[in-house]
$ cat model29.cif   # mmCIF, C-alpha atoms
data_upload
#
loop_
_atom_site.label_atom_id
_atom_site.label_comp_id
_atom_site.auth_asym_id
_atom_site.auth_seq_id
_atom_site.Cartn_x
_atom_site.Cartn_y
_atom_site.Cartn_z
CA MET A 1 -67.34 -129.68 178.46
CA GLY A 2 -67.12 -128.04 175.04
CA ASP A 3 -68.52 -124.52 174.88
CA VAL A 4 -69.85 -124.92 178.42
CA LEU A 5 -66.32 -125.25 179.81
CA PRO A 6 -65.04 -121.72 180.50
CA LYS A 7 -61.54 -120.58 179.69
CA VAL A 8 -59.03 -120.15 182.49
CA GLU A 9 -58.88 -116.43 183.19
CA LEU A 10 -55.33 -115.10 182.83
CA PRO A 11 -54.09 -111.52 183.39
CA SER A 12 -55.40 -108.98 180.87
CA GLY A 13 -53.66 -109.07 177.51
CA ARG A 14 -51.70 -112.23 178.34
CA VAL A 15 -51.81 -115.68 176.81
CA ALA A 16 -50.13 -118.89 177.91
CA HIS A 17 -47.12 -120.16 175.97
CA ALA A 18 -46.81 -123.29 178.11
CA VAL A 19 -48.62 -124.97 180.99
CA VAL A 20 -47.24 -127.39 183.59
CA CYS A 21 -49.22 -129.34 186.18
CA GLY A 22 -48.05 -130.65 189.54
CA TYR A 23 -49.96 -132.20 192.42
CA HIS A 24 -53.02 -129.98 192.94
CA HIS A 25 -51.38 -126.99 191.25
CA THR A 26 -50.93 -125.57 187.76
CA CYS A 27 -48.58 -122.92 186.35
CA ALA A 28 -48.70 -121.00 183.08
CA LEU A 29 -45.75 -119.37 181.34
CA LEU A 30 -47.15 -116.17 179.85
CA ASN A 31 -46.14 -114.39 176.67
CA ASP A 32 -44.52 -111.60 178.70
CA GLY A 33 -42.10 -114.04 180.36
CA ASN A 34 -43.91 -114.13 183.69
CA LEU A 35 -44.98 -117.29 185.50
CA VAL A 36 -48.35 -117.46 187.29
CA CYS A 37 -49.55 -120.42 189.35
CA TRP A 38 -52.82 -121.44 190.95
CA GLY A 39 -54.25 -124.32 192.96
CA LEU A 40 -53.18 -125.61 196.37
CA GLY A 41 -50.71 -123.17 197.92
CA ARG A 42 -49.36 -125.39 200.71
CA PHE A 43 -45.55 -125.38 201.05
CA GLY A 44 -45.30 -122.35 198.73
CA ARG A 45 -45.54 -124.30 195.50
CA LEU A 46 -47.33 -121.34 193.82
CA GLY A 47 -44.45 -118.95 194.53
CA THR A 48 -46.75 -116.15 195.66
CA GLY A 49 -45.06 -115.47 198.99
CA SER A 50 -47.86 -117.13 200.93
CA GLU A 51 -49.36 -120.60 201.33
CA ASN A 52 -52.85 -119.44 200.38
CA SER A 53 -54.55 -121.45 197.68
CA VAL A 54 -55.58 -119.63 194.50
CA GLY A 55 -58.39 -120.24 192.03
CA GLY A 56 -61.02 -121.79 194.26
CA SER A 57 -63.04 -118.65 194.96
CA PRO A 58 -64.41 -115.80 192.80
CA GLY A 59 -61.98 -112.98 192.04
CA GLU A 60 -58.76 -114.97 192.48
CA MET A 61 -57.86 -115.46 188.81
CA GLY A 62 -57.26 -113.03 185.95
CA ASP A 63 -55.61 -109.80 187.02
CA SER A 64 -55.59 -111.03 190.63
CA LEU A 65 -53.00 -113.69 189.79
CA VAL A 66 -49.62 -112.86 191.32
CA ALA A 67 -46.62 -113.51 189.07
CA VAL A 68 -43.71 -115.25 190.75
CA ASN A 69 -41.10 -112.63 191.67
CA PHE A 70 -37.73 -113.72 190.28
CA GLY A 71 -36.17 -110.27 190.53
CA ALA A 72 -36.13 -107.21 188.31
CA GLY A 73 -35.76 -107.95 184.61
CA ALA A 74 -35.88 -111.75 184.96
CA THR A 75 -37.75 -113.66 182.25
CA VAL A 76 -38.89 -117.26 182.52
CA VAL A 77 -38.16 -119.43 179.48
CA GLN A 78 -39.30 -122.82 180.82
CA ALA A 79 -41.11 -124.22 183.85
CA ALA A 80 -41.52 -127.67 185.38
CA ALA A 81 -43.87 -128.84 188.12
CA GLY A 82 -43.13 -131.64 190.56
CA GLU A 83 -45.45 -133.16 193.12
CA MET A 84 -45.41 -130.24 195.57
CA PHE A 85 -42.81 -127.92 194.07
CA THR A 86 -42.18 -125.89 190.94
CA CYS A 87 -39.01 -124.97 189.04
CA ALA A 88 -38.34 -122.21 186.53
CA LEU A 89 -35.46 -121.71 184.10
CA LEU A 90 -34.67 -118.02 183.70
CA ASP A 91 -33.35 -116.35 180.56
CA TYR A 92 -29.83 -115.92 181.91
CA GLY A 93 -29.42 -119.63 182.65
CA VAL A 94 -30.41 -119.78 186.31
CA VAL A 95 -32.84 -122.33 187.77
CA VAL A 96 -35.06 -121.35 190.71
CA CYS A 97 -37.29 -123.87 192.50
CA PHE A 98 -39.90 -123.24 195.18
CA GLY A 99 -42.38 -125.21 197.26
CA ARG A 100 -41.81 -128.28 199.43
CA ASN A 101 -38.18 -129.14 200.09
CA ASP A 102 -38.13 -132.07 202.52
CA LYS A 103 -36.12 -134.22 200.09
CA GLY A 104 -33.81 -131.47 198.77
CA GLN A 105 -35.88 -131.09 195.62
CA LEU A 106 -35.29 -127.32 195.50
CA GLY A 107 -31.54 -127.83 195.11
CA ILE A 108 -30.52 -125.25 197.74
CA ASP A 109 -28.54 -127.44 200.18
CA SER A 110 -31.20 -127.34 202.88
CA THR A 111 -34.67 -128.72 203.60
CA ASP A 112 -36.26 -125.29 204.02
CA ASN A 113 -39.34 -124.62 201.93
CA ARG A 114 -39.40 -121.58 199.64
CA GLY A 115 -42.12 -119.47 198.07
CA GLY A 116 -44.64 -119.54 200.90
CA GLY A 117 -43.27 -116.80 203.11
CA PRO A 118 -41.77 -113.32 203.00
CA GLY A 119 -38.21 -114.58 202.37
CA GLY A 120 -36.76 -114.44 198.86
CA LEU A 121 -36.35 -117.33 196.46
CA SER A 122 -33.00 -119.08 196.11
CA ALA A 123 -31.29 -120.28 192.95
CA VAL A 124 -30.35 -123.90 192.48
CA VAL A 125 -26.68 -124.28 193.36
CA LEU A 126 -24.83 -125.83 190.40
CA ASN A 127 -21.06 -126.24 190.26
CA THR A 128 -20.50 -125.60 186.56
CA THR A 129 -17.62 -124.21 184.57
CA TYR A 130 -17.94 -120.68 183.24
CA GLY A 131 -20.08 -120.71 180.11
CA SER A 132 -21.87 -123.90 181.08
CA ARG A 133 -25.48 -123.33 182.09
CA PRO A 134 -28.81 -125.14 182.36
CA ALA A 135 -30.65 -125.40 179.06
CA ARG A 136 -33.74 -127.39 180.12
CA ILE A 137 -35.42 -128.18 183.43
CA PHE A 138 -37.50 -131.24 184.38
CA ALA A 139 -39.33 -132.20 187.58
CA GLY A 140 -40.38 -135.59 188.91
CA GLY A 141 -42.29 -136.46 192.04
CA GLU A 142 -39.68 -135.27 194.52
CA HIS A 143 -36.62 -134.76 192.33
CA ALA A 144 -35.56 -132.44 189.55
CA CYS A 145 -33.06 -132.59 186.68
CA VAL A 146 -31.41 -130.13 184.32
CA ILE A 147 -29.75 -130.68 180.99
CA LEU A 148 -26.77 -128.37 180.60
CA ASN A 149 -26.03 -126.66 177.31
CA GLY A 150 -23.21 -129.15 176.70
CA GLY A 151 -25.51 -132.17 177.09
CA GLY A 152 -24.64 -133.07 180.67
CA LEU A 153 -27.42 -134.17 183.01
CA ARG A 154 -27.67 -133.35 186.72
CA CYS A 155 -30.41 -134.44 189.11
CA TRP A 156 -31.10 -133.70 192.76
CA GLY A 157 -33.67 -134.42 195.46
CA ARG A 158 -35.08 -137.76 196.57
CA ASN A 159 -32.96 -140.76 195.59
CA ASP A 160 -34.02 -143.84 197.55
CA PHE A 161 -34.55 -145.79 194.32
CA GLY A 162 -31.64 -144.37 192.31
CA GLN A 163 -33.80 -141.89 190.41
CA LEU A 164 -30.96 -139.33 190.41
CA GLY A 165 -28.60 -141.66 188.55
CA THR A 166 -25.75 -140.97 190.97
CA GLY A 167 -24.88 -144.63 191.55
CA ASP A 168 -26.16 -144.65 195.14
CA ARG A 169 -29.30 -144.01 197.19
CA LEU A 170 -28.21 -140.76 198.82
CA PHE A 171 -30.50 -137.74 198.63
CA VAL A 172 -28.88 -134.67 197.08
CA GLY A 173 -29.62 -131.05 198.01
CA THR A 174 -30.53 -131.45 201.66
CA ALA A 175 -27.24 -130.44 203.29
CA PRO A 176 -24.47 -127.86 202.73
CA GLY A 177 -22.07 -128.94 200.00
CA ASP A 178 -24.43 -131.42 198.35
CA MET A 179 -25.04 -129.41 195.21
CA LEU A 180 -21.49 -128.15 194.74
CA GLY A 181 -20.36 -131.79 194.84
CA LEU A 182 -22.93 -132.90 192.27
CA GLY A 183 -21.50 -133.96 188.92
CA ASP A 184 -23.04 -135.11 185.66
CA VAL A 185 -24.99 -138.36 185.55
CA ASP A 186 -22.89 -141.07 183.90
CA LEU A 187 -24.90 -141.89 180.80
CA GLY A 188 -22.10 -143.82 179.09
CA ALA A 189 -19.16 -142.92 176.91
CA GLY A 190 -19.61 -140.41 174.10
CA VAL A 191 -23.29 -139.59 174.60
CA ALA A 192 -25.25 -136.54 175.72
CA ALA A 193 -28.74 -135.99 177.11
CA VAL A 194 -31.35 -134.52 174.78
CA SER A 195 -34.55 -134.79 176.81
CA VAL A 196 -35.79 -136.21 180.11
CA GLY A 197 -38.98 -137.75 181.39
CA ALA A 198 -39.15 -137.68 185.19
CA GLY A 199 -41.66 -139.88 186.98
CA PHE A 200 -42.49 -140.07 190.65
CA GLU A 201 -39.61 -142.45 191.46
CA HIS A 202 -37.74 -142.94 188.20
CA THR A 203 -36.12 -140.99 185.37
CA CYS A 204 -35.74 -141.71 181.65
CA VAL A 205 -33.22 -139.95 179.41
CA LEU A 206 -33.27 -139.65 175.63
CA LEU A 207 -29.69 -139.56 174.32
CA ASN A 208 -28.28 -137.88 171.24
CA SER A 209 -27.61 -141.36 169.86
CA GLY A 210 -31.36 -141.99 169.81
CA ALA A 211 -31.12 -144.49 172.66
CA LEU A 212 -33.29 -144.32 175.78
CA LYS A 213 -31.97 -145.13 179.25
CA CYS A 214 -34.01 -145.28 182.46
CA PHE A 215 -33.03 -145.50 186.11
CA GLY A 216 -34.75 -145.41 189.48
CA ARG A 217 -37.52 -147.63 190.77
CA GLY A 218 -38.09 -150.60 188.49
CA GLY A 219 -41.26 -151.92 190.09
CA PHE A 220 -44.03 -152.94 187.67
CA GLY A 221 -41.50 -152.78 184.82
CA ALA A 222 -41.41 -148.97 184.89
CA LEU A 223 -37.85 -148.85 183.50
CA GLY A 224 -38.57 -151.09 180.51
CA TYR A 225 -35.90 -153.73 181.15
CA ASP A 226 -38.18 -156.78 181.45
CA ASP A 227 -37.70 -156.96 185.20
CA ALA A 228 -38.51 -155.03 188.38
CA ARG A 229 -34.95 -154.16 189.45
CA ASP A 230 -33.98 -150.68 190.58
CA ARG A 231 -31.21 -149.10 188.53
CA GLY A 232 -28.94 -146.13 189.17
CA VAL A 233 -28.34 -147.29 192.75
CA SER A 234 -24.78 -148.56 192.16
CA GLY A 235 -21.92 -148.16 189.72
CA SER A 236 -22.90 -151.42 188.07
CA THR A 237 -26.35 -150.08 187.15
CA ILE A 238 -25.42 -146.78 185.50
CA GLY A 239 -23.15 -145.50 182.71
CA ASP A 240 -22.06 -148.03 180.10
CA ALA A 241 -23.34 -150.78 182.42
CA LEU A 242 -26.88 -149.44 181.98
CA PRO A 243 -28.26 -150.74 178.68
CA ALA A 244 -30.59 -148.87 176.41
CA VAL A 245 -34.26 -149.73 176.65
CA ALA A 246 -35.14 -152.19 173.88
CA LEU A 247 -37.79 -150.33 171.93
CA GLY A 248 -37.83 -152.62 168.91
CA ALA A 249 -38.05 -151.52 165.30
CA ALA A 250 -39.45 -148.08 166.03
CA VAL A 251 -39.19 -145.08 163.75
CA ALA A 252 -37.84 -141.94 165.40
CA LEU A 253 -39.95 -138.82 164.93
CA PRO A 254 -38.71 -135.27 165.41
CA GLU A 255 -40.02 -133.45 168.45
CA LEU A 256 -43.20 -131.68 167.47
CA GLN A 257 -44.61 -128.50 168.91
CA GLU A 258 -48.15 -127.39 168.23
CA VAL A 259 -48.14 -123.73 167.29
CA ASN A 260 -51.07 -121.38 167.72
CA PRO A 261 -50.80 -118.74 164.97
CA MET A 262 -52.68 -116.28 167.18
CA ILE A 263 -49.95 -116.33 169.82
CA PRO A 264 -46.79 -114.33 169.10
CA PRO A 265 -43.59 -116.37 169.41
CA PRO A 266 -41.49 -115.95 172.57
CA PRO A 267 -38.44 -113.69 172.33
CA PRO A 268 -35.17 -115.37 171.29
CA PRO A 269 -32.67 -116.20 174.05
CA PRO A 270 -30.06 -113.54 174.76
CA PRO A 271 -26.60 -113.90 173.18
CA PRO A 272 -23.78 -115.21 175.37
CA PRO A 273 -22.06 -112.52 177.41
CA PRO A 274 -18.52 -111.33 176.66
CA PRO A 275 -15.76 -112.97 178.72
CA LEU A 276 -15.10 -111.45 182.11
CA PRO A 277 -11.60 -110.67 183.38
CA PRO A 278 -10.08 -113.49 185.46
CA SER A 279 -9.95 -113.24 189.22
CA PRO A 280 -6.49 -112.42 190.59
CA GLY A 281 -4.71 -115.63 191.47
CA VAL A 282 -7.57 -117.91 190.41
CA PRO A 283 -7.16 -118.81 186.72
CA GLY A 284 -10.40 -119.16 184.81
CA VAL A 285 -12.67 -117.81 187.54
CA PRO A 286 -14.43 -114.56 186.54
CA ALA A 287 -13.85 -111.66 188.89
CA ALA A 288 -17.58 -110.90 189.12
CA MET A 289 -18.54 -114.43 190.13
CA PRO A 290 -18.35 -114.80 193.93
CA PRO A 291 -19.44 -118.09 195.53
CA LEU A 292 -23.22 -118.52 195.23
CA GLY A 293 -23.36 -115.22 193.37
CA VAL A 294 -26.62 -116.01 191.58
CA LYS A 295 -28.35 -116.84 194.85
CA ALA A 296 -27.16 -113.56 196.29
CA MET A 297 -28.25 -111.71 193.18
CA LEU A 298 -31.78 -113.13 193.39
CA GLU A 299 -32.00 -112.07 197.03
CA GLY A 300 -30.84 -108.57 196.14
CA VAL A 301 -27.45 -108.87 197.84
CA TRP A 302 -25.09 -109.06 194.87
CA PRO A 303 -25.73 -106.95 191.74
CA MET A 304 -24.97 -109.47 189.00
CA PRO A 305 -25.86 -108.38 185.45
CA PRO A 306 -28.15 -110.57 183.34
CA GLY A 307 -26.22 -112.84 180.99
CA VAL A 308 -23.60 -113.94 183.53
CA TYR A 309 -24.00 -117.68 183.78
CA GLY A 310 -23.15 -120.28 186.39
CA VAL A 311 -22.68 -120.01 190.12
#
$ encode --input "model29.cif" --output "structure tokens"
Amino acid sequence: MGDVLPKVELPSGRVAHAVVCGYHHTCALLNDGNLVCWGLGRFGRLGTGSENSVGGSPGEMGDSLVAVNFGAGATVVQAAAGEMFTCALLDYGVVVCFGRNDKGQLGIDSTDNRGGGPGGLSAVVLNTTYGSRPARIFAGGEHACVILNGGGLRCWGRNDFGQLGTGDRLFVGTAPGDMLGLGDVDLGAGVAAVSVGAGFEHTCVLLNSGALKCFGRGGFGALGYDDARDRGVSGSTIGDALPAVALGAAVALPELQEVNPMIPPPPPPPPPPPPLPPSPGVPGVPAAMPPLGVKAMLEGVWPMPPGVYGV
């Protein structure tokens, strides 16, 4: 360790703004907005277009690292790594996940893997109103969640213990229509999500009220409710019926971020786009927003300009 431990070799002239670790893989968000990943490549979790592992042999790091291709002009603003998959939040409010997808964790209404073959990546399908978009992305073992810019929370993927907070045990994202039918997690009246911690089989949500709520597998007391019950599996274990975790007389601290003065700050997010003209006969639906338009845009089918949010 210490001076004997070498630095991870990144592409020339690039530094890491953030690092996320999954199961046998690591990804770094670089200061140019690109995402590079290394480690075990099985299932496409590295997003390189192959399932080859990276970083275990000489010459595979540094300028040999292949940035994930999200399309021309796309910039990554946040990344999250699950067990065998990875998600990225792009600057125009789109989430793209790649890797293993047997539980629907990629949010694309199928169980097809992405990122390990020649086919393009697909955007997470979210049924949001115009102007509503993902603001933060989180990944658990085999599920993922986003906080929308209005404070709503949506989760998809594996759900056998209620870790999605949908009030049932049904997986979400494995079949056509799953994601378009996905609504916000019921966190209770008058509250919004601020941050999320996603475990392998449970999820905890910090609310704007300062309260903490957890749902999913309760074994070993993981949810903090002095029992081992699963929560989020029924309507009686979510929403106002789900109590806040009793944390005692704790003092809340603001979220801290360690800043390296040698690293330039990331660029600010782009301003919201101007309103688009409504579609004929469909009030409130922008004319340039066809069904699954972001997915088509990422695959090069539909030319959607950056800054147009939602799908």
$ atom_distance --input "model29.cif" --atom1 "CA of Gly141 in chain A" --atom2 "CA of Pro176 in chain A"
22.5 Å
$ resolve_selection --input "model29.cif" --expression "the PyMOL selection byres ((chain A and resi 229) around 12)" --output "ChimeraX atom specification"
/A:161-162,202,214-228,230-234,237,242
$ residues_around --input "model29.cif" --residues "Gly116 in chain A" --least-positions-apart "6" --cutoff "9 Å" --atoms "only C-alpha atoms" --output "ChimeraX atom specification"
/A:41-52,98-99
$ write_last_selection --input "model29.cif" --atoms "C-alpha atoms" --output "compact mmCIF listing (two decimals), in the frame of the given file"
# COMPACT_ATOMS: atom_id res chain seq x y z
CA GLY A 41 -50.71 -123.17 197.92
CA ARG A 42 -49.36 -125.39 200.71
CA PHE A 43 -45.55 -125.38 201.05
CA GLY A 44 -45.30 -122.35 198.73
CA ARG A 45 -45.54 -124.30 195.50
CA LEU A 46 -47.33 -121.34 193.82
CA GLY A 47 -44.45 -118.95 194.53
CA THR A 48 -46.75 -116.15 195.66
CA GLY A 49 -45.06 -115.47 198.99
CA SER A 50 -47.86 -117.13 200.93
CA GLU A 51 -49.36 -120.60 201.33
CA ASN A 52 -52.85 -119.44 200.38
CA PHE A 98 -39.90 -123.24 195.18
CA GLY A 99 -42.38 -125.21 197.26
$ resolve_selection --input "model29.cif" --expression "the PyMOL selection byres ((chain A and resi 182) around 10)" --output "list in words"
Val125, Leu126, Asn127, Thr128, Arg154, Cys155, Trp156, Thr166, Val172, Gly173, Gly177, Asp178, Met179, Leu180, Gly181, Gly183, Asp184 and Val185 of chain A
$ resolve_selection --input "model29.cif" --expression "the PyMOL selection byres ((chain A and resi 78-90) around 6)" --output "number ranges by chain"
A: 20-23, 45, 75-77, 91-100, 138-141
$ closest_residue --input "model29.cif" --among "A:Asp240, A:Asp63, A:Glu9, A:Glu201" --to "Lys213 in chain A" --atoms "only C-alpha atoms"
A:Asp240
$ closest_residue --input "model29.cif" --among "A:Leu10, A:Val36, A:Ala175, A:Val66" --to "Asp109 in chain A" --atoms "all atoms listed in the file"
A:Ala175
$ residues_around --input "model29.cif" --residues "Gly188 in chain A" --least-positions-apart "2" --cutoff "8 Å" --atoms "only C-alpha atoms" --output "ChimeraX atom specification"
/A:186,190-191,238-242
$ atom_distance --input "model29.cif" --atom1 "CA of Ala18 in chain A" --atom2 "CA of Val68 in chain A"
15.3 Å
$ atom_distance --input "model29.cif" --atom1 "CA of Gln105 in chain A" --atom2 "CA of His143 in chain A"
5.0 Å
$ residues_around --input "model29.cif" --residues "Cys37 in chain A" --least-positions-apart "5" --cutoff "7 Å" --atoms "all atoms listed in the file" --output "VMD selection string"
chain A and resid 26 to 28 46
$ closest_residue --input "model29.cif" --among "A:Gly235, A:Lys103, A:Leu212, A:Gly117" --to "Gly165 in chain A" --atoms "only C-alpha atoms"
A:Gly235
$ closest_residue --input "model29.cif" --among "A:Gly73, A:Glu142, A:Leu5, A:Ala16" --to "Ala198 in chain A" --atoms "all atoms listed in the file"
A:Glu142
